[in-house]
$ cat run-v5.txt   # compact mmCIF, C-alpha atoms
# COMPACT_ATOMS: atom_id res chain seq x y z
CA MET L 1 1.88 6.36 4.62
CA ASN L 2 0.37 6.98 1.22
CA GLY L 3 -1.91 3.95 1.48
CA GLY L 4 -5.28 2.89 0.19
CA HIS L 5 -6.97 4.50 3.18
CA ASP L 6 -6.21 8.15 2.36
CA LEU L 7 -9.28 8.82 0.25
CA GLY L 8 -9.99 12.57 0.45
CA GLY L 9 -10.44 13.96 -3.07
CA MET L 10 -10.18 10.66 -4.96
CA HIS L 11 -12.48 10.11 -7.93
CA GLY L 12 -14.25 7.11 -9.35
CA PHE L 13 -15.94 5.49 -6.35
CA GLY L 14 -19.39 6.35 -7.64
CA PRO L 15 -22.52 7.32 -5.73
CA ILE L 16 -22.84 6.91 -1.96
CA ASN L 17 -26.09 4.91 -2.10
CA ALA L 18 -26.83 5.35 1.60
CA GLU L 19 -29.15 2.78 3.14
CA PRO L 20 -32.19 4.66 4.56
CA GLU L 21 -31.48 5.56 8.18
CA ALA L 22 -34.63 3.93 9.57
CA GLU L 23 -33.84 0.63 7.84
CA GLU L 24 -30.13 0.24 8.55
CA PRO L 25 -29.17 -2.22 11.31
CA VAL L 26 -26.12 -1.51 13.49
CA PHE L 27 -24.45 -4.64 12.10
CA HIS L 28 -25.23 -6.37 8.81
CA ALA L 29 -24.11 -9.88 9.75
CA GLU L 30 -23.41 -11.94 12.84
CA TRP L 31 -19.67 -12.15 11.99
CA GLU L 32 -19.43 -8.34 11.92
CA LYS L 33 -20.68 -8.23 15.51
CA ARG L 34 -18.10 -10.77 16.61
CA VAL L 35 -15.27 -8.86 14.87
CA PHE L 36 -16.37 -5.63 16.58
CA GLY L 37 -16.58 -7.32 19.98
CA LEU L 38 -13.30 -9.18 19.53
CA LEU L 39 -11.41 -6.05 18.57
CA ARG L 40 -12.76 -4.16 21.58
CA ALA L 41 -12.10 -7.05 23.95
CA VAL L 42 -8.57 -7.73 22.66
CA GLY L 43 -7.89 -3.99 22.68
CA ALA L 44 -8.52 -4.02 26.43
CA LEU L 45 -5.46 -6.28 26.81
CA ARG L 46 -3.38 -3.13 26.19
CA GLN L 47 -0.95 -4.76 23.79
CA TRP L 48 -1.45 -1.95 21.27
CA ASN L 49 -3.10 1.44 20.91
CA GLY L 50 -5.63 2.93 18.49
CA ASP L 51 -2.94 4.36 16.21
CA MET L 52 -1.33 0.93 15.86
CA SER L 53 -4.76 -0.50 15.09
CA ARG L 54 -5.39 2.06 12.34
CA HIS L 55 -1.89 1.58 10.98
CA ALA L 56 -2.37 -2.21 10.84
CA ARG L 57 -5.42 -1.71 8.60
CA GLU L 58 -3.60 0.86 6.46
CA ARG L 59 -0.62 -1.44 5.92
CA GLN L 60 -2.70 -3.81 3.81
CA HIS L 61 -2.18 -3.77 0.05
CA PRO L 62 -4.23 -0.79 -1.21
CA VAL L 63 -6.23 -3.10 -3.46
CA ASP L 64 -7.17 -5.26 -0.46
CA TYR L 65 -8.03 -2.23 1.69
CA LEU L 66 -10.42 -0.88 -0.96
CA ARG L 67 -11.89 -4.27 -1.90
CA HIS L 68 -12.65 -5.31 1.68
CA SER L 69 -15.76 -4.33 3.55
CA TYR L 70 -15.23 -2.28 6.70
CA TYR L 71 -15.23 -5.13 9.18
CA GLU L 72 -13.05 -7.24 6.89
CA ASN L 73 -10.45 -4.50 7.24
CA TRP L 74 -10.89 -4.62 11.01
CA LEU L 75 -10.44 -8.37 10.95
CA ALA L 76 -7.32 -8.15 8.78
CA GLY L 77 -5.79 -5.55 11.12
CA LEU L 78 -6.68 -7.58 14.20
CA GLU L 79 -5.11 -10.78 12.83
CA LYS L 80 -1.97 -8.88 11.85
CA LEU L 81 -1.55 -7.31 15.30
CA LEU L 82 -2.31 -10.54 17.18
CA VAL L 83 0.60 -12.22 15.41
CA GLU L 84 2.96 -9.22 15.48
CA LYS L 85 2.41 -8.69 19.20
CA GLU L 86 2.81 -12.44 19.75
CA LEU L 87 -0.59 -13.00 21.34
CA VAL L 88 -1.07 -15.83 18.88
CA THR L 89 1.25 -17.53 16.39
CA ALA L 90 0.66 -17.60 12.65
CA GLU L 91 0.16 -21.39 12.94
CA GLU L 92 -2.47 -20.97 15.65
CA LEU L 93 -4.28 -18.42 13.50
CA LEU L 94 -4.32 -20.88 10.62
CA SER L 95 -5.42 -23.90 12.64
CA GLY L 96 -7.75 -22.11 15.06
CA LYS L 97 -6.23 -24.26 17.86
CA ALA L 98 -4.00 -23.06 20.67
CA SER L 99 -0.54 -24.62 20.75
CA GLN L 100 0.81 -22.62 23.66
CA PRO L 101 -0.72 -20.81 26.64
CA ALA L 102 -1.10 -17.03 26.70
CA ASP L 103 1.31 -14.84 28.66
CA GLU L 104 0.20 -14.33 32.29
CA ASP L 105 1.02 -10.60 32.12
CA VAL L 106 -1.33 -10.19 29.18
CA LEU L 107 -4.14 -12.16 30.86
CA LYS L 108 -4.08 -9.74 33.81
CA HIS L 109 -5.88 -7.22 31.61
CA LEU L 110 -8.60 -9.62 30.40
CA LEU L 111 -11.87 -7.75 29.84
CA ARG L 112 -14.29 -9.71 32.02
CA ALA L 113 -18.04 -9.53 31.45
CA GLU L 114 -18.59 -7.64 34.71
CA LYS L 115 -16.20 -4.89 33.57
CA VAL L 116 -17.84 -4.24 30.19
CA ALA L 117 -20.39 -1.67 31.36
CA ASP L 118 -17.59 0.35 32.88
CA ALA L 119 -15.31 -0.03 29.84
CA VAL L 120 -18.07 1.27 27.58
CA ILE L 121 -18.64 4.53 29.43
CA HIS L 122 -14.99 5.31 30.16
CA GLY L 123 -12.83 6.40 27.25
CA SER L 124 -9.19 7.35 27.43
CA SER L 125 -8.15 10.93 26.86
CA ALA L 126 -5.67 11.73 24.09
CA ALA L 127 -4.68 14.98 25.84
CA MET L 128 -1.19 15.01 27.32
CA PRO L 129 1.41 17.67 27.99
CA ALA L 130 3.92 18.72 25.31
CA ASP L 131 7.50 19.79 25.99
CA ALA L 132 7.33 22.83 23.73
CA SER L 133 4.90 25.72 23.83
CA PRO L 134 2.43 26.04 20.94
CA ARG L 135 3.90 27.68 17.83
CA PHE L 136 0.58 28.88 16.47
CA ARG L 137 -2.49 30.73 17.64
CA PRO L 138 -5.99 31.02 16.20
CA GLY L 139 -5.88 33.35 13.18
CA ASP L 140 -2.30 32.43 12.21
CA ARG L 141 -1.63 31.51 8.58
CA VAL L 142 0.02 28.10 8.33
CA ARG L 143 1.00 25.64 5.64
CA ALA L 144 0.66 21.87 5.92
CA LEU L 145 4.09 20.45 5.22
CA ASN L 146 4.65 18.51 2.04
CA ARG L 147 5.74 15.30 3.73
CA HIS L 148 5.25 11.66 2.79
CA PRO L 149 6.28 9.49 5.73
CA ALA L 150 6.24 5.74 5.07
CA GLY L 151 4.76 5.13 8.54
CA HIS L 152 1.43 6.13 10.07
CA THR L 153 0.37 9.77 9.83
CA ARG L 154 -2.87 11.70 10.20
CA GLU L 155 -1.91 14.41 7.73
CA PRO L 156 -4.10 13.61 4.71
CA ARG L 157 -2.53 13.91 1.27
CA TYR L 158 -5.01 16.50 0.07
CA VAL L 159 -3.80 19.18 2.51
CA ARG L 160 -0.04 18.69 2.03
CA GLY L 161 1.58 21.84 0.75
CA ARG L 162 -1.66 23.80 1.20
CA ALA L 163 -2.06 26.96 3.27
CA GLY L 164 -4.82 27.60 5.77
CA VAL L 165 -5.71 29.51 8.92
CA VAL L 166 -5.60 28.15 12.46
CA HIS L 167 -9.19 28.00 13.69
CA GLU L 168 -8.51 26.55 17.14
CA HIS L 169 -5.67 25.29 19.32
CA TYR L 170 -6.89 22.18 21.18
CA GLY L 171 -3.91 21.91 23.50
CA ALA L 172 -1.49 19.02 23.20
CA HIS L 173 -2.59 15.50 22.23
CA VAL L 174 -0.77 12.21 21.72
CA PHE L 175 1.16 12.43 18.44
CA PRO L 176 -0.15 9.62 16.20
CA ASP L 177 2.90 9.23 13.96
CA LEU L 178 5.03 8.20 16.95
CA SER L 179 2.19 6.57 18.90
CA ALA L 180 1.82 4.05 16.06
CA GLU L 181 5.48 3.14 16.70
CA GLY L 182 4.85 2.71 20.43
CA VAL L 183 6.23 6.10 21.52
CA ARG L 184 3.71 8.19 23.47
CA VAL L 185 4.50 11.91 23.31
CA GLY L 186 2.26 14.97 23.36
CA ARG L 187 2.37 17.56 20.58
CA HIS L 188 0.23 20.64 20.06
CA LEU L 189 -2.88 20.02 18.00
CA TYR L 190 -4.72 22.60 15.92
CA CYS L 191 -7.85 22.74 13.84
CA VAL L 192 -6.92 24.42 10.54
CA ARG L 193 -9.36 25.87 8.04
CA PHE L 194 -8.52 25.42 4.34
CA GLU L 195 -10.55 27.24 1.69
CA ALA L 196 -11.88 24.86 -0.96
CA SER L 197 -10.16 26.93 -3.68
CA GLU L 198 -6.78 26.38 -1.98
CA LEU L 199 -7.34 22.61 -1.89
CA TRP L 200 -9.06 21.95 -5.18
CA GLY L 201 -8.16 24.92 -7.42
CA GLU L 202 -10.49 25.50 -10.34
CA ASN L 203 -12.46 22.35 -9.44
CA ALA L 204 -13.36 23.68 -6.00
CA ASP L 205 -16.91 23.59 -4.72
CA GLY L 206 -17.36 27.35 -4.29
CA ASN L 207 -18.17 28.78 -0.89
CA SER L 208 -16.91 25.83 1.12
CA ALA L 209 -14.00 25.15 3.43
CA VAL L 210 -12.49 22.06 5.04
CA TYR L 211 -11.39 21.98 8.67
CA VAL L 212 -8.62 19.48 9.41
CA ASP L 213 -7.02 18.67 12.77
CA LEU L 214 -3.25 18.87 12.37
CA TRP L 215 -0.38 18.48 14.81
CA ASP L 216 2.43 21.02 15.19
CA ASP L 217 4.83 18.67 13.37
CA TYR L 218 2.68 18.83 10.24
CA LEU L 219 2.73 22.63 10.01
CA GLU L 220 4.97 25.55 9.15
CA PRO L 221 4.27 29.28 9.43
CA VAL L 222 3.32 31.17 6.28
CA MET K 1 -32.58 -14.55 20.87
CA SER K 2 -34.81 -14.79 17.81
CA GLU K 3 -32.00 -13.41 15.71
CA GLN K 4 -29.59 -16.06 16.95
CA HIS K 5 -32.17 -18.69 16.20
CA HIS K 6 -32.60 -17.33 12.71
CA HIS K 7 -28.87 -17.37 12.19
CA HIS K 8 -28.71 -20.97 13.37
CA ASP K 9 -31.26 -21.99 10.73
CA HIS K 10 -29.39 -20.06 8.11
CA ASP K 11 -26.23 -22.02 8.81
CA HIS K 12 -28.04 -25.26 8.03
CA THR K 13 -29.37 -24.16 4.68
CA GLU K 14 -26.23 -22.58 3.23
CA PRO K 15 -22.59 -23.39 3.81
CA PRO K 16 -20.99 -20.59 5.85
CA SER K 17 -18.66 -18.31 3.94
CA ASP K 18 -14.90 -18.37 4.43
CA LEU K 19 -15.22 -15.15 6.34
CA VAL K 20 -17.73 -16.57 8.81
CA LEU K 21 -15.48 -19.58 9.39
CA ARG K 22 -12.42 -17.37 9.78
CA VAL K 23 -14.09 -15.23 12.46
CA LYS K 24 -15.43 -18.29 14.30
CA ALA K 25 -11.99 -19.89 14.27
CA LEU K 26 -10.38 -16.70 15.55
CA GLU K 27 -12.88 -16.30 18.36
CA SER K 28 -12.57 -19.93 19.47
CA LEU K 29 -8.77 -19.62 19.44
CA LEU K 30 -8.84 -16.46 21.55
CA VAL K 31 -11.35 -17.99 23.97
CA GLU K 32 -9.24 -21.16 24.25
CA LYS K 33 -6.19 -19.05 25.08
CA GLY K 34 -8.18 -17.12 27.66
CA LEU K 35 -7.55 -13.80 25.89
CA VAL K 36 -11.22 -12.93 25.55
CA ASP K 37 -14.32 -13.66 27.61
CA PRO K 38 -17.12 -14.52 25.14
CA THR K 39 -19.76 -13.10 27.49
CA ALA K 40 -17.88 -9.79 27.48
CA ILE K 41 -18.08 -9.80 23.69
CA ASP K 42 -21.85 -10.42 23.82
CA LEU K 43 -22.22 -7.50 26.23
CA LEU K 44 -20.09 -5.18 24.08
CA ILE K 45 -22.22 -5.97 21.04
CA ASP K 46 -25.41 -5.50 23.03
CA ALA K 47 -24.27 -2.11 24.35
CA TYR K 48 -23.76 -0.74 20.84
CA GLU K 49 -26.90 -2.41 19.43
CA THR K 50 -29.31 -1.34 22.14
CA LYS K 51 -27.91 1.45 24.35
CA ILE K 52 -25.40 3.61 22.53
CA GLY K 53 -26.93 5.16 19.45
CA PRO K 54 -28.21 8.34 17.79
CA ARG K 55 -31.12 8.76 20.21
CA ASN K 56 -28.45 9.93 22.69
CA GLY K 57 -27.31 12.65 20.31
CA ALA K 58 -30.91 13.61 19.57
CA ARG K 59 -31.46 14.25 23.28
CA VAL K 60 -28.36 16.48 23.35
CA VAL K 61 -29.65 18.48 20.36
CA ALA K 62 -33.19 18.76 21.75
CA HIS K 63 -31.83 19.97 25.08
CA ALA K 64 -29.71 22.59 23.32
CA TRP K 65 -32.72 23.79 21.32
CA ALA K 66 -34.80 24.07 24.49
CA ASP K 67 -32.19 25.59 26.80
CA PRO K 68 -30.02 28.49 25.55
CA VAL K 69 -27.67 28.24 28.53
CA PHE K 70 -26.99 24.59 27.76
CA LYS K 71 -26.56 25.42 24.07
CA GLU K 72 -23.93 28.05 24.87
CA TRP K 73 -22.10 25.51 27.07
CA LEU K 74 -22.39 22.83 24.37
CA LEU K 75 -20.81 25.08 21.75
CA ARG K 76 -18.06 26.21 24.16
CA ASP K 77 -17.23 22.89 25.89
CA ALA K 78 -19.09 20.05 24.20
CA THR K 79 -17.25 17.28 26.06
CA ALA K 80 -18.40 18.55 29.47
CA ALA K 81 -21.89 19.56 28.35
CA ILE K 82 -22.54 16.15 26.74
CA ALA K 83 -21.08 14.31 29.75
CA SER K 84 -23.52 16.21 31.98
CA LEU K 85 -26.32 14.32 30.19
CA GLY K 86 -24.56 11.01 30.85
CA TYR K 87 -22.99 10.35 27.44
CA THR K 88 -19.32 9.51 27.81
CA GLY K 89 -16.87 6.88 26.65
CA ARG K 90 -14.69 5.66 23.83
CA GLN K 91 -14.67 7.85 20.70
CA GLY K 92 -16.27 10.71 22.61
CA GLU K 93 -13.41 11.82 24.84
CA HIS K 94 -12.92 15.12 22.99
CA MET K 95 -16.14 16.49 21.56
CA LYS K 96 -16.86 19.55 19.40
CA VAL K 97 -20.33 20.67 18.39
CA VAL K 98 -20.70 22.80 15.26
CA GLU K 99 -23.87 24.80 14.71
CA ASN K 100 -25.84 25.10 11.51
CA THR K 101 -27.32 28.51 10.72
CA PRO K 102 -29.11 29.92 7.67
CA GLN K 103 -25.66 31.03 6.41
CA VAL K 104 -23.48 28.05 7.39
CA HIS K 105 -23.97 24.32 6.97
CA ASN K 106 -21.64 21.79 8.62
CA LEU K 107 -20.76 18.30 7.41
CA VAL K 108 -18.63 15.69 9.21
CA VAL K 109 -16.38 13.08 7.61
CA CYS K 110 -13.31 10.99 8.37
CA THR K 111 -11.34 10.68 5.14
CA LEU K 112 -8.61 8.50 6.68
CA CYS K 113 -10.74 5.91 8.49
CA SER K 114 -14.12 6.06 10.23
CA CYS K 115 -13.80 8.39 13.25
CA TYR K 116 -17.28 9.09 14.61
CA PRO K 117 -18.69 10.21 18.00
CA TRP K 118 -19.83 6.83 19.38
CA PRO K 119 -21.34 7.94 22.73
CA VAL K 120 -23.82 10.26 21.00
CA LEU K 121 -24.32 8.59 17.60
CA GLY K 122 -23.40 4.94 18.17
CA LEU K 123 -21.47 3.07 15.48
CA PRO K 124 -21.33 4.73 12.05
CA PRO K 125 -23.56 3.66 9.16
CA VAL K 126 -21.97 1.82 6.24
CA TRP K 127 -22.12 4.83 3.92
CA TYR K 128 -20.14 7.02 6.37
CA LYS K 129 -17.29 4.49 6.27
CA SER K 130 -17.51 3.97 2.51
CA ALA K 131 -14.99 5.13 -0.08
CA PRO K 132 -17.55 7.20 -2.05
CA TYR K 133 -18.44 9.34 0.99
CA ARG K 134 -14.90 9.62 2.38
CA SER K 135 -13.48 10.64 -1.00
CA ARG K 136 -16.19 13.11 -1.99
CA ALA K 137 -17.26 14.85 1.23
CA VAL K 138 -14.18 17.10 1.29
CA ALA K 139 -13.96 17.83 -2.45
CA ASP K 140 -17.61 17.86 -3.50
CA PRO K 141 -19.69 18.56 -0.39
CA ARG K 142 -22.51 20.23 -2.34
CA GLY K 143 -22.75 17.21 -4.63
CA VAL K 144 -22.82 14.89 -1.61
CA LEU K 145 -25.60 16.89 0.04
CA LYS K 146 -27.57 16.88 -3.20
CA GLU K 147 -27.29 13.10 -3.30
CA PHE K 148 -28.75 13.01 0.21
CA GLY K 149 -31.67 15.10 -1.02
CA MET K 150 -30.47 18.37 0.44
CA PRO K 151 -29.56 20.84 -2.31
CA LEU K 152 -28.02 24.01 -0.82
CA CYS K 153 -27.90 27.47 -2.37
CA ASP K 154 -24.47 28.75 -3.35
CA ASP K 155 -24.72 31.51 -0.76
CA VAL K 156 -24.75 28.99 2.09
CA GLU K 157 -21.18 28.28 3.19
CA ILE K 158 -20.39 24.61 3.70
CA ARG K 159 -17.88 23.71 6.41
CA VAL K 160 -16.58 20.17 6.20
CA TRP K 161 -14.95 18.75 9.35
CA ASP K 162 -12.42 16.00 8.60
CA SER K 163 -11.93 14.00 11.81
CA THR K 164 -8.19 13.43 11.62
CA SER K 165 -7.47 13.60 15.37
CA GLU K 166 -9.22 12.14 18.44
CA VAL K 167 -11.60 15.12 18.42
CA ARG K 168 -15.11 14.06 17.35
CA PHE K 169 -17.68 16.33 15.77
CA LEU K 170 -21.45 16.55 16.16
CA VAL K 171 -23.60 18.87 14.05
CA LEU K 172 -26.23 20.94 15.86
CA PRO K 173 -28.97 21.22 13.21
CA GLU K 174 -31.24 24.26 12.95
CA ARG K 175 -34.37 24.00 15.03
CA PRO K 176 -37.31 23.47 12.66
CA ALA K 177 -39.97 26.14 12.39
CA GLY K 178 -43.32 25.51 14.02
CA THR K 179 -41.92 23.87 17.15
CA ASP K 180 -42.43 26.64 19.71
CA GLY K 181 -43.36 25.28 23.08
CA TRP K 182 -42.52 21.68 22.14
CA SER K 183 -41.17 19.38 24.85
CA GLU K 184 -37.62 18.07 24.57
CA GLU K 185 -39.03 14.63 23.87
CA GLN K 186 -41.07 15.97 20.95
CA LEU K 187 -38.07 17.92 19.66
CA ALA K 188 -35.76 14.89 19.88
CA ALA K 189 -38.09 12.99 17.53
CA LEU K 190 -37.19 15.51 14.82
CA VAL K 191 -33.46 14.89 15.11
CA THR K 192 -32.12 12.20 12.81
CA ARG K 193 -28.69 10.64 12.91
CA ASN K 194 -28.04 11.98 9.42
CA ALA K 195 -28.87 15.53 10.55
CA MET K 196 -26.23 15.25 13.27
CA ILE K 197 -23.63 14.12 10.67
CA GLY K 198 -24.77 17.03 8.51
CA VAL K 199 -26.17 15.30 5.43
CA GLU K 200 -29.72 16.45 6.05
CA GLN K 201 -31.80 18.94 8.04
CA ALA K 202 -33.78 18.03 11.13
CA LYS K 203 -37.27 16.86 10.21
CA SER K 204 -40.11 19.34 10.07
CA PRO K 205 -43.25 18.80 12.18
CA GLN K 206 -45.10 18.07 8.91
CA GLU K 207 -42.69 15.29 7.94
CA VAL K 208 -43.09 13.61 11.32
CA ALA K 209 -46.89 13.92 11.15
CA GLU K 210 -46.97 12.38 7.65
CA ALA K 211 -44.73 9.49 8.70
CA SER K 212 -46.82 8.50 11.70
$ encode --input "run-v5.txt" --output "C-alpha cells"
Amino acid sequence: MNGGHDLGGMHGFGPINAEPEAEEPVFHAEWEKRVFGLLRAVGALRQWNGDMSRHARERQHPVDYLRHSYYENWLAGLEKLLVEKELVTAEELLSGKASQPADEDVLKHLLRAEKVADAVIHGSSAAMPADASPRFRPGDRVRALNRHPAGHTREPRYVRGRAGVVHEHYGAHVFPDLSAEGVRVGRHLYCVRFEASELWGENADGNSAVYVDLWDDYLEPV
Amino acid sequence: MSEQHHHHDHDHTEPPSDLVLRVKALESLLVEKGLVDPTAIDLLIDAYETKIGPRNGARVVAHAWADPVFKEWLLRDATAAIASLGYTGRQGEHMKVVENTPQVHNLVVCTLCSCYPWPVLGLPPVWYKSAPYRSRAVADPRGVLKEFGMPLCDDVEIRVWDSTSEVRFLVLPERPAGTDGWSEEQLAALVTRNAMIGVEQAKSPQEVAEAS
C-alpha cells in the first residue's frame, strides 16, 4: 500500500540528529520496553506473522504513522491485531479488564519464562520452496513493475518502473504480499542493483547505487 | 533494580502520560487473560538490553579482520559464519555481509520499516528508524554520511542496501591502519555499531587512545 511508511526519497524530514552511540540507551522509557516485550511475547502465540504485524502498522492513517514515535507505532499495530484476531475485544482494550477467558488453543503457545532464552536464539527461516523455477539470474536486466497494490507489499515506491540489474538470487522466500493476507507461499527473491541516476534522475547522488531485495512478482525482464 | 526504583519515584512526582497508562492497561489485560507471562517479558527485555547488542557484531568483524579464511566464509555465507560464533536468532536468519574497500562504501537502511540484524547489532538506534534517515539514505547517501561526520570523495562508490526482505545486512568496515598484530579483543574495541551500519569508519588506534 502507498502508506505513510514508504519513505525512500521523501523530502522535508530535516536532519537526522543521531544521538551519540555511546550515550544512547536501548530503550528510552519503561513503556517502550514493555511494548517491545509484549509484542514479542504475543507474537509467540502464533496468531499472526511478521508481515501482518508490519501491515498493521502501515494501515494507520499516514499522519498518525509519521507523528508517532517508533514504539507508539508498534503499540498501535499490536492493539489493532489483538482485536482483529479476537485475542481481546475492543471493550476489553478500552477497560483494561478481561470480560471473557482466552481461547485454550491460543494459550497452548504461551511464551513461558523458561522458554525465552530459547526463543531469543532461534529465529524462523523465511526460505521456502517455490513452484516455479527462477526467471532471472545474476546479471539480468530487470524492471520493477509499476504496481500500486492496496495491501501489503515490500516493493518500495521509489523503484517502481525503474530498471536495474540482478545482483544475486537468494532462492525462494515467503512472499510478503500474500503472507500479510495469511497465505504462505514461496516466491523467488532477488537482490537488484539500481543506479542512482535511474532512480533519482538529475538529482541523483553521483557514483552511488541502491540494492533492493525484490520478489519475482515485482519484476519483469528488460 | 535501581532503574525500576527510579521509575517508581518518577511516577509519584508526575502524573503518568496517557501512553504509559495505555501500555500498563494493555499488559495487565493480557496477563489477566493468561496470554502473556510477565516474567517472560522481563527476560525478553533483559536479553536485548544486556546480551544481544553491537559488541556481538564487533566480535564478528574483529574475527574477520584477524582470520582471512573466516572473512572469506563471512562474505560467502554470512549466516553460517556468524552462527559459528554463536550469534543466531530472530532478525538474523538470513545474513549478508558487505565489505568496505577504498573504492566502495556500504550503507544499510530499511526505508519501509526498521529491519536490522538483531543478533549481531541488537535493537536499532532511534535515528535508524527515523523518517529523516529512512527517506534520505537511498536518495542522498553522501549527504547522510556527511551529517555523520564522514565526507566521502566522489570517486568512492556508495552502495546503499535497502532491507526490504528478511535478509539482513552487516557492513564489514575497513581495518584501520596501525593495528598489525593486534588481538581480536583489541580490534573489536575499534568497531562501533555505526561503522557496521555504514555511517562511519571503524575507529583509529589514535581515537581510542584519546578517548581512554
$ closest_residue --input "run-v5.txt" --among "L:Val212, L:Leu81, L:Ala163, L:Val142" --to "chain K" --atoms "all atoms listed in the file"
L:Val212
$ closest_residue --input "run-v5.txt" --among "K:Leu85, K:Leu75, K:Ala66, K:Val160" --to "chain L" --atoms "all atoms listed in the file"
K:Val160
$ closest_residue --input "run-v5.txt" --among "K:Gly149, K:Gly181, K:Pro68, K:Pro141" --to "L:Ala209" --atoms "all atoms listed in the file"
K:Pro141
$ closest_residue --input "run-v5.txt" --among "L:Val222, L:Glu114, L:Ser197, L:Phe175" --to "L:Gly139" --atoms "all atoms listed in the file"
L:Val222
$ closest_residue --input "run-v5.txt" --among "K:Ala137, K:Met196, K:Val120, K:Val69" --to "chain L" --atoms "only C-alpha atoms"
K:Ala137
$ closest_residue --input "run-v5.txt" --among "K:Pro125, K:Pro117, K:Pro205, K:Pro176" --to "chain L" --atoms "only C-alpha atoms"
K:Pro125
$ residues_around --input "run-v5.txt" --residues "stretch 169-171 of chain L" --least-positions-apart "5" --cutoff "9 Å" --atoms "only C-alpha atoms" --output "list in words"
Ala127, Met128, Pro129, Ala130, Pro134, Phe136, Arg137, Pro138, Arg187, His188, Leu189, Tyr190, Cys191 and Val192 of chain L; Val167 of chain K
